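For reference, entry.pdb (PDB, C-alpha atoms):
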ATOM      1  CA  MET Q  30       6.093  -1.601  50.686
ATOM      2  CA  GLY Q  31       3.781   0.572  48.582
ATOM      3  CA  SER Q  32       4.754   4.023  47.378
ATOM      4  CA  LYS Q  33       3.515   7.022  49.388
ATOM      5  CA  VAL Q  34       2.957   8.784  46.056
ATOM      6  CA  PRO Q  35       1.352   6.126  43.836
ATOM      7  CA  ALA Q  36       0.611   8.489  40.931
ATOM      8  CA  ALA Q  37       4.269   9.523  40.695
ATOM      9  CA  ASP Q  38       5.399   5.926  41.074
ATOM     10  CA  ASN Q  39       3.069   4.721  38.317
ATOM     11  CA  THR Q  40       4.079   7.574  36.015
ATOM     12  CA  LEU Q  41       7.717   6.536  36.288
ATOM     13  CA  ARG Q  42       6.792   2.888  35.777
ATOM     14  CA  ILE Q  43       4.987   3.780  32.558
ATOM     15  CA  LEU Q  44       7.949   5.815  31.297
ATOM     16  CA  ARG Q  45      10.354   3.002  32.079
ATOM     17  CA  LEU Q  46       8.122   0.495  30.316
ATOM     18  CA  LEU Q  47       7.867   2.657  27.184
ATOM     19  CA  ALA Q  48      11.647   3.155  27.213
ATOM     20  CA  SER Q  49      12.206  -0.609  27.319
ATOM     21  CA  ARG Q  50      10.014  -1.397  24.310
ATOM     22  CA  LYS Q  51      11.116  -1.237  20.681
ATOM     23  CA  THR Q  52       7.768   0.010  19.350
ATOM     24  CA  PRO Q  53       4.922   2.207  20.681
ATOM     25  CA  THR Q  54       2.539   0.428  23.062
ATOM     26  CA  PRO Q  55      -1.283   0.565  23.357
ATOM     27  CA  ALA Q  56      -2.706   1.866  26.626
ATOM     28  CA  ALA Q  57      -4.499  -1.423  27.269
ATOM     29  CA  MET Q  58      -1.230  -3.327  27.036
ATOM     30  CA  ILE Q  59       0.465  -0.837  29.371
ATOM     31  CA  ALA Q  60      -2.302  -1.409  31.908
ATOM     32  CA  THR Q  61      -1.969  -5.181  31.570
ATOM     33  CA  LEU Q  62       1.826  -5.286  31.792
ATOM     34  CA  LEU Q  63       1.932  -2.995  34.829
ATOM     35  CA  GLU Q  64      -1.224  -4.420  36.409
ATOM     36  CA  LEU Q  65      -2.837  -0.985  36.657
ATOM     37  CA  PRO Q  66      -6.468   0.108  36.162
ATOM     38  CA  ARG Q  67      -7.046   1.291  32.594
ATOM     39  CA  SER Q  68      -8.706   4.494  33.813
ATOM     40  CA  SER Q  69      -5.601   5.396  35.835
ATOM     41  CA  VAL Q  70      -3.311   4.633  32.895
ATOM     42  CA  TYR Q  71      -5.307   6.884  30.570
ATOM     43  CA  GLN Q  72      -5.246   9.729  33.119
ATOM     44  CA  LEU Q  73      -1.489   9.478  33.566
ATOM     45  CA  LEU Q  74      -0.908   9.192  29.820
ATOM     46  CA  ASN Q  75      -2.918  12.360  29.214
ATOM     47  CA  VAL Q  76      -0.837  14.322  31.736
ATOM     48  CA  MET Q  77       2.437  13.045  30.275
ATOM     49  CA  LEU Q  78       1.146  13.818  26.792
ATOM     50  CA  GLU Q  79       0.392  17.431  27.773
ATOM     51  CA  HIS Q  80       3.948  17.867  29.030
ATOM     52  CA  GLY Q  81       5.553  16.195  26.013
ATOM     53  CA  PHE Q  82       6.974  13.166  27.844
ATOM     54  CA  ILE Q  83       5.085  10.772  25.603
ATOM     55  CA  SER Q  84       3.759  10.831  22.049
ATOM     56  CA  HIS Q  85       0.418   9.453  20.872
ATOM     57  CA  TYR Q  86       0.172   7.600  17.548
ATOM     58  CA  PRO Q  87      -3.534   7.734  16.575
ATOM     59  CA  GLU Q  88      -3.307   5.262  13.683
ATOM     60  CA  ASP Q  89      -1.856   2.591  15.968
ATOM     61  CA  LYS Q  90      -3.719   3.723  19.092
ATOM     62  CA  SER Q  91      -0.398   3.481  20.912
ATOM     63  CA  TYR Q  92       2.080   5.535  22.920
ATOM     64  CA  GLY Q  93       5.843   6.048  22.849
ATOM     65  CA  LEU Q  94       8.379   8.362  24.439
ATOM     66  CA  GLY Q  95       8.091  12.065  23.598
ATOM     67  CA  VAL Q  96      10.423  14.995  23.036
ATOM     68  CA  SER Q  97      10.593  15.938  26.723
ATOM     69  CA  ALA Q  98      11.839  12.452  27.580
ATOM     70  CA  PHE Q  99      14.523  12.832  24.912
ATOM     71  CA  GLU Q 100      15.514  16.203  26.375
ATOM     72  CA  LEU Q 101      15.948  14.599  29.782
ATOM     73  CA  SER Q 102      18.097  11.887  28.240
ATOM     74  CA  SER Q 103      20.238  14.484  26.448
ATOM     75  CA  ALA Q 104      20.673  16.465  29.669
ATOM     76  CA  TYR Q 105      21.741  13.287  31.443
ATOM     77  CA  THR Q 106      24.370  12.685  28.768
ATOM     78  CA  ARG Q 107      25.635  16.270  28.920
ATOM     79  CA  GLN Q 108      26.223  15.979  32.650
ATOM     80  CA  GLU Q 109      28.629  13.080  32.037
ATOM     81  CA  PRO Q 110      26.948  11.002  34.765
ATOM     82  CA  LEU Q 111      29.145   7.921  34.494
ATOM     83  CA  ALA Q 112      32.316   9.954  34.841
ATOM     84  CA  ARG Q 113      30.890  11.945  37.752
ATOM     85  CA  LEU Q 114      29.600   8.847  39.524
ATOM     86  CA  GLY Q 115      32.712   6.792  38.894
ATOM     87  CA  ALA Q 116      35.620   9.219  39.324
ATOM     88  CA  PRO Q 117      35.682   9.274  43.156
ATOM     89  CA  LEU Q 118      35.520   5.487  43.340
ATOM     90  CA  ILE Q 119      38.261   5.051  40.732
ATOM     91  CA  ALA Q 120      40.457   7.403  42.793
ATOM     92  CA  GLN Q 121      39.775   5.329  45.906
ATOM     93  CA  LEU Q 122      40.651   2.163  43.999
ATOM     94  CA  VAL Q 123      44.010   3.600  42.960
ATOM     95  CA  ASP Q 124      44.740   4.593  46.577
ATOM     96  CA  LYS Q 125      44.001   1.043  47.732
ATOM     97  CA  VAL Q 126      45.950  -0.914  45.104
ATOM     98  CA  GLY Q 127      48.737   1.520  44.225
ATOM     99  CA  GLU Q 128      48.265   0.973  40.493
ATOM    100  CA  SER Q 129      46.649   3.072  37.757
ATOM    101  CA  ALA Q 130      42.944   2.563  37.034
ATOM    102  CA  HIS Q 131      40.335   3.813  34.599
ATOM    103  CA  LEU Q 132      36.686   3.724  33.601
ATOM    104  CA  ALA Q 133      35.755   3.136  29.966
ATOM    105  CA  VAL Q 134      32.597   2.866  27.853
ATOM    106  CA  LEU Q 135      31.904   1.189  24.533
ATOM    107  CA  HIS Q 136      31.909   3.570  21.549
ATOM    108  CA  GLY Q 137      31.160   1.596  18.408
ATOM    109  CA  SER Q 138      33.759  -1.171  18.355
ATOM    110  CA  ASP Q 139      36.158   0.959  20.429
ATOM    111  CA  VAL Q 140      36.363   1.735  24.108
ATOM    112  CA  LEU Q 141      36.396   5.380  25.134
ATOM    113  CA  TYR Q 142      38.162   6.272  28.373
ATOM    114  CA  ILE Q 143      36.086   8.642  30.507
ATOM    115  CA  VAL Q 144      38.015   8.462  33.804
ATOM    116  CA  GLU Q 145      41.763   7.961  34.187
ATOM    117  CA  GLU Q 146      43.526   7.952  37.549
ATOM    118  CA  ARG Q 147      47.307   7.534  37.559
ATOM    119  CA  ALA Q 148      49.042   5.957  40.532
ATOM    120  CA  LYS Q 149      51.944   7.931  41.941
ATOM    121  CA  GLY Q 150      55.306   6.799  40.621
ATOM    122  CA  ARG Q 151      53.886   4.510  37.969
ATOM    123  CA  PRO Q 152      54.842   4.748  34.255
ATOM    124  CA  SER Q 153      52.595   6.758  31.933
ATOM    125  CA  LEU Q 154      50.012   4.852  29.875
ATOM    126  CA  VAL Q 155      48.524   5.311  26.412
ATOM    127  CA  THR Q 156      45.076   5.402  27.993
ATOM    128  CA  ASP Q 157      43.755   8.821  28.984
ATOM    129  CA  VAL Q 158      40.424  10.624  29.126
ATOM    130  CA  GLY Q 159      39.082  10.940  25.573
ATOM    131  CA  VAL Q 160      41.393   8.259  24.132
ATOM    132  CA  ARG Q 161      39.772   5.503  22.060
ATOM    133  CA  LEU Q 162      41.219   2.024  21.562
ATOM    134  CA  PRO Q 163      39.886  -1.091  19.776
ATOM    135  CA  SER Q 164      37.750  -2.855  22.376
ATOM    136  CA  HIS Q 165      39.037  -6.341  21.545
ATOM    137  CA  LEU Q 166      42.579  -5.249  22.496
ATOM    138  CA  THR Q 167      41.704  -3.983  25.974
ATOM    139  CA  ALA Q 168      40.577  -5.597  29.215
ATOM    140  CA  SER Q 169      37.857  -2.946  29.577
ATOM    141  CA  GLY Q 170      36.522  -3.665  26.105
ATOM    142  CA  ARG Q 171      36.605  -7.415  26.605
ATOM    143  CA  ALA Q 172      34.730  -7.094  29.912
ATOM    144  CA  ILE Q 173      31.935  -5.148  28.206
ATOM    145  CA  LEU Q 174      31.856  -7.339  25.079
ATOM    146  CA  ALA Q 175      31.653 -10.505  27.194
ATOM    147  CA  ALA Q 176      28.446  -9.185  28.777
ATOM    148  CA  LEU Q 177      26.797  -8.260  25.462
ATOM    149  CA  PRO Q 178      24.567 -10.601  23.426
ATOM    150  CA  LYS Q 179      26.609 -12.643  20.957
ATOM    151  CA  SER Q 180      24.638 -11.190  18.052
ATOM    152  CA  GLN Q 181      25.671  -7.654  18.984
ATOM    153  CA  VAL Q 182      29.329  -8.585  19.323
ATOM    154  CA  ARG Q 183      29.161 -10.218  15.905
ATOM    155  CA  ALA Q 184      27.599  -7.059  14.462
ATOM    156  CA  LEU Q 185      30.522  -5.029  15.845
ATOM    157  CA  TYR Q 186      33.011  -7.448  14.258
ATOM    158  CA  PRO Q 187      31.438  -8.526  10.949
ATOM    159  CA  SER Q 188      34.651  -9.387   9.081
ATOM    160  CA  ALA Q 189      38.384  -9.976   9.359
ATOM    161  CA  ALA Q 190      38.970  -6.289   8.580
ATOM    162  CA  SER Q 191      37.347  -5.479  11.937
ATOM    163  CA  PHE Q 192      40.461  -6.806  13.640
ATOM    164  CA  SER Q 193      43.001  -4.572  11.895
ATOM    165  CA  GLU Q 194      45.764  -4.103  14.444
ATOM    166  CA  ARG Q 195      45.968  -0.370  15.050
ATOM    167  CA  VAL Q 196      47.904  -0.370  18.313
ATOM    168  CA  ALA Q 197      50.116  -3.381  18.869
ATOM    169  CA  GLU Q 198      50.520  -7.020  17.934
ATOM    170  CA  SER Q 199      47.471  -8.761  19.368
ATOM    171  CA  SER Q 200      46.622 -12.340  20.217
ATOM    172  CA  ILE Q 201      43.125 -11.677  18.851
ATOM    173  CA  SER Q 202      42.862 -11.282  15.096
ATOM    174  CA  SER Q 203      39.630 -13.111  14.258
ATOM    175  CA  TYR Q 204      36.080 -13.438  15.537
ATOM    176  CA  SER Q 205      36.640 -17.043  16.654
ATOM    177  CA  GLN Q 206      39.622 -15.961  18.789
ATOM    178  CA  LEU Q 207      37.595 -13.091  20.234
ATOM    179  CA  ARG Q 208      34.690 -15.440  21.029
ATOM    180  CA  ARG Q 209      37.024 -17.796  22.931
ATOM    181  CA  GLU Q 210      38.509 -14.892  24.882
ATOM    182  CA  LEU Q 211      35.059 -13.564  25.812
ATOM    183  CA  GLU Q 212      33.898 -17.008  26.919
ATOM    184  CA  GLN Q 213      36.974 -17.277  29.156
ATOM    185  CA  SER Q 214      36.212 -13.827  30.575
ATOM    186  CA  THR Q 215      32.678 -14.945  31.423
ATOM    187  CA  GLN Q 216      33.931 -18.118  33.101
ATOM    188  CA  ARG Q 217      36.535 -16.217  35.140
ATOM    189  CA  GLY Q 218      34.221 -13.352  36.039
ATOM    190  CA  TYR Q 219      36.701 -10.758  34.768
ATOM    191  CA  ALA Q 220      38.618  -9.815  31.619
ATOM    192  CA  VAL Q 221      42.379  -9.887  31.110
ATOM    193  CA  GLU Q 222      44.722  -8.131  28.697
ATOM    194  CA  ARG Q 223      48.379  -9.118  28.557
ATOM    195  CA  GLY Q 224      50.541  -6.719  26.565
ATOM    196  CA  ASP Q 225      48.109  -6.269  23.669
ATOM    197  CA  VAL Q 226      48.036  -2.492  24.118
ATOM    198  CA  THR Q 227      51.496  -1.826  25.577
ATOM    199  CA  PRO Q 228      54.232  -4.477  25.934
ATOM    200  CA  ASP Q 229      54.952  -5.545  29.547
ATOM    201  CA  PHE Q 230      51.682  -4.061  30.839
ATOM    202  CA  HIS Q 231      48.722  -6.188  31.910
ATOM    203  CA  SER Q 232      45.174  -5.144  32.803
ATOM    204  CA  LEU Q 233      42.260  -6.680  34.686
ATOM    205  CA  ALA Q 234      38.692  -5.415  34.223
ATOM    206  CA  MET Q 235      35.066  -5.970  35.236
ATOM    207  CA  GLU Q 236      31.892  -4.568  33.712
ATOM    208  CA  ILE Q 237      29.400  -2.056  35.132
ATOM    209  CA  ARG Q 238      25.690  -2.801  34.531
ATOM    210  CA  ASP Q 239      22.703  -0.479  34.517
ATOM    211  CA  SER Q 240      19.264  -1.207  35.993
ATOM    212  CA  ASN Q 241      18.358  -3.191  32.860
ATOM    213  CA  ASP Q 242      21.421  -5.424  33.404
ATOM    214  CA  TRP Q 243      23.075  -3.896  30.346
ATOM    215  CA  PRO Q 244      26.904  -3.470  30.389
ATOM    216  CA  VAL Q 245      27.417   0.297  30.187
ATOM    217  CA  ALA Q 246      31.071   0.573  31.212
ATOM    218  CA  ALA Q 247      34.026  -1.264  32.715
ATOM    219  CA  VAL Q 248      36.536  -0.517  35.448
ATOM    220  CA  ALA Q 249      40.115  -1.695  34.941
ATOM    221  CA  VAL Q 250      43.491  -1.610  36.641
ATOM    222  CA  THR Q 251      46.693  -1.552  34.555
ATOM    223  CA  PHE Q 252      50.124  -2.497  35.898
ATOM    224  CA  LEU Q 253      53.590  -3.681  34.916
ATOM    225  CA  ALA Q 254      53.314  -7.449  34.666
ATOM    226  CA  ASP Q 255      56.377  -8.167  36.817
ATOM    227  CA  ARG Q 256      55.067  -5.937  39.633
ATOM    228  CA  VAL Q 257      51.965  -8.050  40.213
ATOM    229  CA  PRO Q 258      52.658 -11.782  39.743
ATOM    230  CA  GLU Q 259      49.738 -14.071  38.926
ATOM    231  CA  GLU Q 260      49.594 -15.442  42.475
ATOM    232  CA  GLN Q 261      49.072 -11.921  43.883
ATOM    233  CA  ARG Q 262      46.256 -10.860  41.569
ATOM    234  CA  GLU Q 263      43.338 -12.221  43.585
ATOM    235  CA  ALA Q 264      43.689  -9.383  46.100
ATOM    236  CA  LEU Q 265      43.745  -6.894  43.225
ATOM    237  CA  LEU Q 266      40.665  -8.514  41.678
ATOM    238  CA  ALA Q 267      38.812  -8.246  44.991
ATOM    239  CA  GLN Q 268      39.306  -4.464  44.967
ATOM    240  CA  ILE Q 269      38.267  -4.180  41.316
ATOM    241  CA  ARG Q 270      35.180  -6.290  42.041
ATOM    242  CA  ALA Q 271      34.222  -4.079  44.986
ATOM    243  CA  THR Q 272      34.675  -0.914  42.922
ATOM    244  CA  ALA Q 273      32.653  -2.320  40.013
ATOM    245  CA  ALA Q 274      29.852  -3.240  42.420
ATOM    246  CA  ALA Q 275      29.900   0.227  44.004
ATOM    247  CA  ILE Q 276      29.758   2.020  40.640
ATOM    248  CA  THR Q 277      27.007  -0.351  39.475
ATOM    249  CA  SER Q 278      24.959   0.570  42.565
ATOM    250  CA  ARG Q 279      25.419   4.269  41.814
ATOM    251  CA  VAL Q 280      24.482   3.847  38.158
ATOM    252  CA  GLN Q 281      21.357   1.909  39.167
ATOM    253  CA  GLY Q 282      20.402   4.617  41.632
ATOM    254  CA  LYS Q 283      20.729   2.429  44.709
ATOM    255  CA  ARG Q 284      21.562   4.041  48.011
ATOM    256  CA  PRO Q 285      24.528   2.716  50.023
ATOM    257  CA  ALA Q 286      23.516   0.125  52.588
TER
END
This structure in structure tokens:
Amino acid sequence: MGSKVPAADNTLRILRLLASRKTPTPAAMIATLLELPRSSVYQLLNVMLEHGFISHYPEDKSYGLGVSAFELSSAYTRQEPLARLGAPLIAQLVDKVGESAHLAVLHGSDVLYIVEERAKGRPSLVTDVGVRLPSHLTASGRAILAALPKSQVRALYPSAASFSERVAESSISSYSQLRRELEQSTQRGYAVERGDVTPDFHSLAMEIRDSNDWPVAAVAVTFLADRVPEEQREALLAQIRATAAAITSRVQGKRPA
């Protein structure tokens, strides 16, 4: 179904295209990629240029994002959108499973916890809002890393020193071990951590993807291993999967069905 406001729709399409490209793009290529008339593209580019949402590079006869677009991005970051979008759903997850849960994002080679919801009567955890942990040690980190291109994971872990054990004794101390763990996570459809952060505690996690299918976060549940035997974890995974899907829909701007 066509947009009722085609000019607004095409403006947003142009901005999204420019945001997805590594280098500035000529107007003719924008028109070709979006299948739009060149005259319309030039008109929209001129309006966006006046308002600072794009920049024009005369030498290359091309266009890229402008300062106003950056300001919007910065405002989005300041509003802590992932935490705001995810917090209510993480709380609902904890109510359903009776175990502690959190939402984490990748920060360099660490994960940064942005939402932490403790289940009533459960032991305290080292994870908390603002805490950073090595991503290869955590289920959240492994879920995100498993969804990243291999080249990017390798760039985050360029040498043996990248695996210095800063929290606890870990089963992962080399890139080859990490690669095997991430491949297993991909095959399973979720990531697992068994006592690498805190002895006797296990975690299960799944990634959150944005509209470009990029892993921007992960939702995880942490529990005492003897409280949730292996044969009972499928029900827990179903709730994590549902929560990850719901947060993904919110991040991608989709309305509930």
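Counting only C-alpha atoms and comparing Q:Gln261, Q:Thr156, Q:Asn75, Q:Ser203, the residue that lies closest to Q:Ser191 is Q:Ser203.
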For the structure provided, state which residues fall under the PyMOL selection byres ((chain Q and resi 159) around 8), and present them as an MDAnalysis selection string. chainID Q and resid 141:143 157:158 160:161
Run the PyMOL selection byres ((chain Q and resi 279) around 12) mentally over the shown coordinates, then write out the matched residues as JSON, numbers by chain, using the chain letters and numbers from the document. {"Q": [110, 111, 112, 113, 114, 115, 116, 117, 118, 237, 238, 239, 240, 272, 273, 274, 275, 276, 277, 278, 280, 281, 282, 283, 284, 285, 286]}
For those residues, write C-alpha atoms to a file as a CSV table (one decimal), in the frame of the given file.
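Once written, again_30.csv looks like this:
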chain,number,residue,atom,x,y,z
Q,110,PRO,CA,26.9,11.0,34.8
Q,111,LEU,CA,29.1,7.9,34.5
Q,112,ALA,CA,32.3,10.0,34.8
Q,113,ARG,CA,30.9,11.9,37.8
Q,114,LEU,CA,29.6,8.8,39.5
Q,115,GLY,CA,32.7,6.8,38.9
Q,116,ALA,CA,35.6,9.2,39.3
Q,117,PRO,CA,35.7,9.3,43.2
Q,118,LEU,CA,35.5,5.5,43.3
Q,237,ILE,CA,29.4,-2.1,35.1
Q,238,ARG,CA,25.7,-2.8,34.5
Q,239,ASP,CA,22.7,-0.5,34.5
Q,240,SER,CA,19.3,-1.2,36.0
Q,272,THR,CA,34.7,-0.9,42.9
Q,273,ALA,CA,32.7,-2.3,40.0
Q,274,ALA,CA,29.9,-3.2,42.4
Q,275,ALA,CA,29.9,0.2,44.0
Q,276,ILE,CA,29.8,2.0,40.6
Q,277,THR,CA,27.0,-0.4,39.5
Q,278,SER,CA,25.0,0.6,42.6
Q,280,VAL,CA,24.5,3.8,38.2
Q,281,GLN,CA,21.4,1.9,39.2
Q,282,GLY,CA,20.4,4.6,41.6
Q,283,LYS,CA,20.7,2.4,44.7
Q,284,ARG,CA,21.6,4.0,48.0
Q,285,PRO,CA,24.5,2.7,50.0
Q,286,ALA,CA,23.5,0.1,52.6
Quick one: residues within 12 Å of Q:Pro187, only C-alpha atoms, excluding same-chain residues fewer than 5 positions away - as a compact mmCIF listing (two decimals) with C-alpha atoms, keeping the file's coordinate frame?
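File result_29.txt, as written:
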# COMPACT_ATOMS: atom_id res chain seq x y z
CA SER Q 138 33.76 -1.17 18.36
CA LYS Q 179 26.61 -12.64 20.96
CA SER Q 180 24.64 -11.19 18.05
CA GLN Q 181 25.67 -7.65 18.98
CA VAL Q 182 29.33 -8.59 19.32
CA PHE Q 192 40.46 -6.81 13.64
CA SER Q 203 39.63 -13.11 14.26
CA TYR Q 204 36.08 -13.44 15.54
CA SER Q 205 36.64 -17.04 16.65
In terms of only C-alpha atoms, the residue from Q:Val70, Q:Tyr92, Q:Val221, Q:Ser200 at minimal distance from Q:Ala36 is Q:Val70
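Using all atoms listed in the file, the shortest contact distance between Q:Asp229 and any of Q:Leu41, Q:Leu253, Q:Leu73, Q:Ile173 is found at Q:Leu253.
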Atom CA of Q:Leu233 to atom CA of Q:Ile269: how many Å, to one decimal? 8.1 Å
Smallest atom-to-atom distance to Q:Thr167: which of Q:Ala56, Q:Val123, Q:Ala189, Q:Ala234, using only C-alpha atoms?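 So, comparing all the options, the nearest one is Q:Ala234.
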